[in-house]
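**Q** Shown below is the structure under consideration.
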Number of protein chains: 2
Amino acid sequence: MTGRGPGRRRGSPDTRTEILDAARRVFSEVGFDRATIRGIAREAAVDPALIHHYFGTKHKLFAASIDLPMAAADAVRSVFAEDREQAGRRLAETFFSVWDRELARATLLGILRSAMGGEDRAVEAFRQFLTSALLDEIAPQIPGKRPRLRALLMASQLVGVAMTRYVMKLEPIASAPVSEIIDLVAPRLQSYVEN
Amino acid sequence: MTGRGPGRRRGSPDTRTEILDAARRVFSEVGFDRATIRGIAREAAVDPALIHHYFGTKHKLFAASIDLPMAAADAVRSVFAEDREQAGRRLAETFFSVWDRELARATLLGILRSAMGGEDRAVEAFRQFLTSALLDEIAPQIPGKRPRLRALLMASQLVGVAMTRYVMKLEPIASAPVSEIIDLVAPRLQSYVEN
DNA sequence: CCAATAATTCAACGAACGTTGAATTAGGGA
DNA sequence: TCCCTAATTCAACGTTCGTTGAATTATTGG
């Protein structure tokens with residue numbers, strides 16, 4: 001059904017990357033459970049067995065497809081670099097700048113969707129992301145009581161926005177301009193920092 | 001493997017309800033996709049075919065298992081009944097009083113998990129819950145600009161708390177006492193109402 | 001130009017799942 | 001008591017899925 005016979009293809013197409021892209025697309029749309037190797041193969045115009053050839057199991061393919069976005073954790077690290085009075089706004093801005101980049105969004109959606117399904121690797125990726133990015137970096141900078149709890153409540157607000165805007169696509173939050181959401185969310189994030 | 005032969009059982013056990021309870025338990029733990037009729041049947045100590053006898057398809061079983069919690073929407077309706085200055089706190093309190101009831105939590109978890117997987121009925125249940133409970137009831141009471149967006153951002157904060165606390169079980173939010181979370185979240189919810 | 005290796009497809013297997021139809025047993029009304 | 005209906009299990013079917021091993025074709029290094 002690939003329209004192509006067996007054997008190596010002409011030229012040197014980067015099929016491995018094409019498979020990874022297709023995987024990210026599919027995982028982001030339907031999550032780990034509903035994603036099928038066969039479906040991803042179809043999306044990549046490739047035989048299912050080729051996926052196994054490159055990545056081994058479905059779990060390993062998923063792991064490979066969510067490998068990079070840990071770079072996003074670095075972005076968060078800079079949020080508290082400068083003055084603390086604007087930290088809430090900078091966090092919100094960083095959040096949306098990550099989610100608005102095509103590739104990152106697909107990847108994060110895949111993680112989010114799959115984590116809800118209980119897919120271990122996704123839950124772990126999520127936990128690690130939040131832990132390293134928010135708890136380890138931000139919490140120590142928060143004065144007052146229960147800094148870690150406050151940091152996680154900030155994260156919760158953003159997770160909730162991601163879910164309602166990007167996953168469930170609820171109106172009017174799904175199509176509201178980023179700037180408006182930032183203007184509304186930033187002060188509440190900031191208030192978690194201050195008292 | 002049910003340890004019982006074929007034919008009707010003695011007495012009059014409410015097997016239908018037992019199946020529904022088992023279904024809610026399983027759906028809340030693993031979501032719609034990973035839940036299997038066979039697994040639910042095992043949990044209810046019943047043959048898989050009996051589930052089909054009572055509920056028809058897996059989708060109908062799921063629909064039946066999330067039927068009631070719309071009663072929770074009524075609880076939200078009372079949040080804005082009295083003075084507006086305490087609306088944020090009352091919303092937080094209502095939220096946790098619902099999530100702390102065993103049955104409701106299982107049901108809502110099932111919806112949340114399954115909605116992430118893209119299960120249509122779950123997404124629709126969720127959308128309708130948020131729409132009727134929050135957008136239609138709360139938003140009209142919010143003064144100023146973009147009241148519906150503000151209402152959804154309040155909801156987003158709570159959805160995020162539900163995810164981090166009940167679904168992903170991230171510490172320290174997972175085991176923090178409800179009262180502490182309420183004390184921290186309520187003022188931010190309230191601020192969405194006021195300006 | 002030849003051999004080795006990499007890329008790719010094909011065909012099939014085994015497992016798990018949702019669903020179905022028939023068989024079996026118990027309860028309830030006449 | 002007898003029959004009808006409801007409750008329950010059994011065995012099986014057809015599908016889909018992840019995975020595997022062998023076969024086929026292109027590239028590349030010597």
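Starting from 1 in every chain, residues are counted up; chains themselves are A, B, ... following the order of the structure tokens, and ligands are numbered from 1 as listed.
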Write down, as a list in words, each residue of chain D that has any atom within 7 Å of an atom of chain B, counting only C-alpha atoms (C1' of nucleotides).
**A** DA7, DT8 and DT9 of chain D
**Q** Leaving out DA11 (chain C) and any residue of its chain fewer than 2 positions from it, which residues lie within 10 Å of it when counting only C-alpha atoms (C1' of nucleotides), given as a short mmCIF file (atom, residue, chain, number, x, y, z; two decimals) with C-alpha atoms (C1' of nucleotides), in the first residue's frame?
**A**
data_model
loop_
_atom_site.label_atom_id
_atom_site.label_comp_id
_atom_site.auth_asym_id
_atom_site.auth_seq_id
_atom_site.Cartn_x
_atom_site.Cartn_y
_atom_site.Cartn_z
"C1'" DT C 9 8.97 -4.05 1.86
"C1'" DC C 13 2.36 -14.94 13.65
"C1'" DG D 21 12.33 -12.93 9.81
"C1'" DA D 22 13.19 -13.33 5.31
#
**Q** May I ask you to extract the residues of chain B within 8 Å of chain A, using only C-alpha atoms, and to give them as a VMD selection string?
**A** chain B and resid 30 to 31 33 to 34 112 to 118 123 127 148 to 150 152 to 153 155 to 161 163 to 164 167 to 168 170 172 to 173 184 to 185 188 191 to 192
**Q** Residues as selected, N, CA and C atoms, written as a short mmCIF file (atom, residue, chain, number, x, y, z; two decimals), in the first residue's frame, can you do that?
**A**
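Written out: part05.cif:
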data_model
loop_
_atom_site.label_atom_id
_atom_site.label_comp_id
_atom_site.auth_asym_id
_atom_site.auth_seq_id
_atom_site.Cartn_x
_atom_site.Cartn_y
_atom_site.Cartn_z
N VAL B 30 -7.32 4.17 34.40
CA VAL B 30 -6.55 4.04 33.16
C VAL B 30 -7.16 4.75 31.97
N GLY B 31 -8.34 5.36 32.14
CA GLY B 31 -8.96 6.04 31.01
C GLY B 31 -9.68 5.07 30.08
N ASP B 33 -9.38 4.32 26.80
CA ASP B 33 -8.66 3.50 25.85
C ASP B 33 -8.05 2.26 26.48
N ARG B 34 -7.38 2.47 27.61
CA ARG B 34 -6.68 1.34 28.23
C ARG B 34 -7.63 0.44 29.00
N LEU B 112 -11.72 13.01 32.74
CA LEU B 112 -10.52 13.78 32.45
C LEU B 112 -9.52 12.94 31.67
N ARG B 113 -9.24 11.75 32.17
CA ARG B 113 -8.28 10.88 31.50
C ARG B 113 -8.73 10.55 30.09
N SER B 114 -10.00 10.22 29.94
CA SER B 114 -10.49 9.81 28.64
C SER B 114 -10.57 10.97 27.67
N ALA B 115 -10.88 12.15 28.22
CA ALA B 115 -10.97 13.33 27.36
C ALA B 115 -9.61 13.61 26.73
N MET B 116 -8.55 13.42 27.50
CA MET B 116 -7.22 13.65 26.97
C MET B 116 -6.91 12.69 25.84
N GLY B 117 -7.45 11.50 25.94
CA GLY B 117 -7.22 10.50 24.90
C GLY B 117 -8.02 10.79 23.65
N GLY B 118 -8.93 11.76 23.74
CA GLY B 118 -9.70 12.13 22.58
C GLY B 118 -11.02 11.40 22.48
N VAL B 123 -14.83 14.19 25.98
CA VAL B 123 -14.58 15.58 25.63
C VAL B 123 -15.88 16.37 25.68
N ARG B 127 -16.69 19.45 28.06
CA ARG B 127 -17.04 20.74 27.49
C ARG B 127 -18.38 21.23 28.04
N ARG B 148 -16.02 35.94 29.87
CA ARG B 148 -15.97 34.50 29.58
C ARG B 148 -14.54 33.99 29.59
N LEU B 149 -13.63 34.79 29.07
CA LEU B 149 -12.23 34.39 29.10
C LEU B 149 -11.73 34.29 30.54
N ARG B 150 -12.15 35.25 31.37
CA ARG B 150 -11.76 35.21 32.78
C ARG B 150 -12.32 33.97 33.46
N LEU B 152 -13.03 31.15 32.15
CA LEU B 152 -12.30 29.96 31.70
C LEU B 152 -10.90 29.89 32.29
N LEU B 153 -10.32 31.05 32.57
CA LEU B 153 -9.00 31.03 33.21
C LEU B 153 -9.12 30.55 34.66
N ALA B 155 -11.39 28.40 35.57
CA ALA B 155 -11.55 26.96 35.36
C ALA B 155 -10.21 26.31 35.05
N SER B 156 -9.39 27.00 34.26
CA SER B 156 -8.09 26.44 33.90
C SER B 156 -7.24 26.20 35.14
N GLN B 157 -7.27 27.15 36.04
CA GLN B 157 -6.51 26.96 37.28
C GLN B 157 -6.96 25.70 38.00
N LEU B 158 -8.26 25.49 38.06
CA LEU B 158 -8.78 24.31 38.76
C LEU B 158 -8.51 23.02 37.99
N VAL B 159 -8.65 23.09 36.70
CA VAL B 159 -8.31 21.92 35.89
C VAL B 159 -6.85 21.54 36.09
N GLY B 160 -5.99 22.55 36.12
CA GLY B 160 -4.58 22.29 36.34
C GLY B 160 -4.32 21.65 37.69
N VAL B 161 -5.02 22.12 38.70
CA VAL B 161 -4.88 21.52 40.03
C VAL B 161 -5.34 20.07 40.00
N MET B 163 -5.34 18.06 37.52
CA MET B 163 -4.36 17.23 36.80
C MET B 163 -3.12 16.96 37.63
N THR B 164 -2.56 17.99 38.22
CA THR B 164 -1.31 17.79 38.95
C THR B 164 -1.54 17.03 40.25
N VAL B 167 -4.37 13.43 38.93
CA VAL B 167 -3.98 12.58 37.82
C VAL B 167 -2.49 12.25 37.86
N MET B 168 -1.66 13.30 37.89
CA MET B 168 -0.23 13.04 37.83
C MET B 168 0.38 12.84 39.20
N LEU B 170 1.66 14.85 41.47
CA LEU B 170 2.96 15.50 41.68
C LEU B 170 3.04 16.04 43.10
N PRO B 172 4.71 18.69 45.81
CA PRO B 172 3.96 18.49 47.06
C PRO B 172 2.47 18.74 46.93
N ILE B 173 1.96 18.93 45.73
CA ILE B 173 0.55 19.31 45.62
C ILE B 173 -0.36 18.11 45.86
N LEU B 184 -4.38 29.22 49.17
CA LEU B 184 -3.49 29.80 48.16
C LEU B 184 -4.24 30.10 46.86
N VAL B 185 -5.15 29.23 46.48
CA VAL B 185 -5.80 29.38 45.18
C VAL B 185 -6.93 30.41 45.21
N ARG B 188 -6.41 34.04 44.06
CA ARG B 188 -6.14 34.22 42.62
C ARG B 188 -7.43 34.05 41.82
N SER B 191 -9.32 37.22 42.20
CA SER B 191 -8.79 38.37 41.46
C SER B 191 -9.24 38.34 40.00
N TYR B 192 -9.53 37.16 39.49
CA TYR B 192 -10.09 37.09 38.14
C TYR B 192 -11.47 37.74 38.10
#
**Q** Considering only C-alpha atoms (C1' of nucleotides), return as a PyMOL selection string whatever protein or nucleic-acid residues lie within 9 Å of Arg84 (chain A), sequence-local ones (same chain, fewer than 6 positions apart) excluded.
**A** chain A and resi 141+190+193-194
**Q** Can you work out which residues from chain C touch chain B at a cut-off of 10 Å (counting only C-alpha atoms (C1' of nucleotides)) and hand them back as an NGL selection string?
**A** :C and (16-20 or 23-27)
**Q** To one decimal place in Å, what is the distance between CA of Ile66 (chain A) and CA of Pro147 (chain A)?
**A**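 If I compute the distance from CA of Ile66 (chain A) to CA of Pro147 (chain A), I get 29.0 Å.
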**Q** Which polymer residues have any atom within 12 Å of an atom of DA22 (chain C), counting only C-alpha atoms (C1' of nucleotides), with same-chain residues fewer than 3 positions away left out, as a compact mmCIF listing (two decimals) with C-alpha atoms (C1' of nucleotides), in the first residue's frame?
**A**
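This went into out_32.txt:
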# COMPACT_ATOMS: atom_id res chain seq x y z
C1' DT D 9 -21.61 -18.10 31.50
C1' DC D 10 -19.22 -20.49 27.55
C1' DA D 11 -17.02 -20.80 23.38
C1' DA D 12 -15.95 -18.75 19.38
**Q** Excluding same-chain residues fewer than 2 positions from DG29 (chain D), what lies within 10 Å of it counting only C-alpha atoms (C1' of nucleotides), as a ChimeraX atom specification?
**A** /C:3-4 /D:27
**Q** What separation in Å, quoted to one decimal, exists between C1' of DA26 (chain D) and CA of Ala22 (chain A)?
**A**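 Pair C1' of DA26 (chain D) / CA of Ala22 (chain A) returns 24.2 Å.
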**Q** Could you pull out the residues in region 26-188 of chain B that DSSP calls helix (DSSP H, G or I) from the backbone, as a PyMOL selection string?
**A** chain B and resi 26-34+37-43+48-55+58-65+68-80+84-99+102-116+120-135+139-141+147-167+178-188
**Q** Pick out the residues sitting within 8 Å of Ser65 (chain B), and hand them over as number ranges by chain; count only C-alpha atoms (C1' of nucleotides), and ignore anything fewer than 5 positions along from it in its own chain.
**A** B: 20-21, 23-24, 107
**Q** Extract, using only C-alpha atoms (C1' of nucleotides), all DNA, RNA and protein residues at most 10 Å from Arg105 (chain A), discarding same-chain residues fewer than 6 positions from it, and format them as a ChimeraX atom specification.
**A** /A:24-25,28,69,96-99,111,162,166
**Q** Using CA of Ile138 (chain A) and CA of Pro177 (chain A) as the two end points, give the distance in Å to one decimal.
**A**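 CA of Pro177 (chain A) lies 26.5 Å from CA of Ile138 (chain A).
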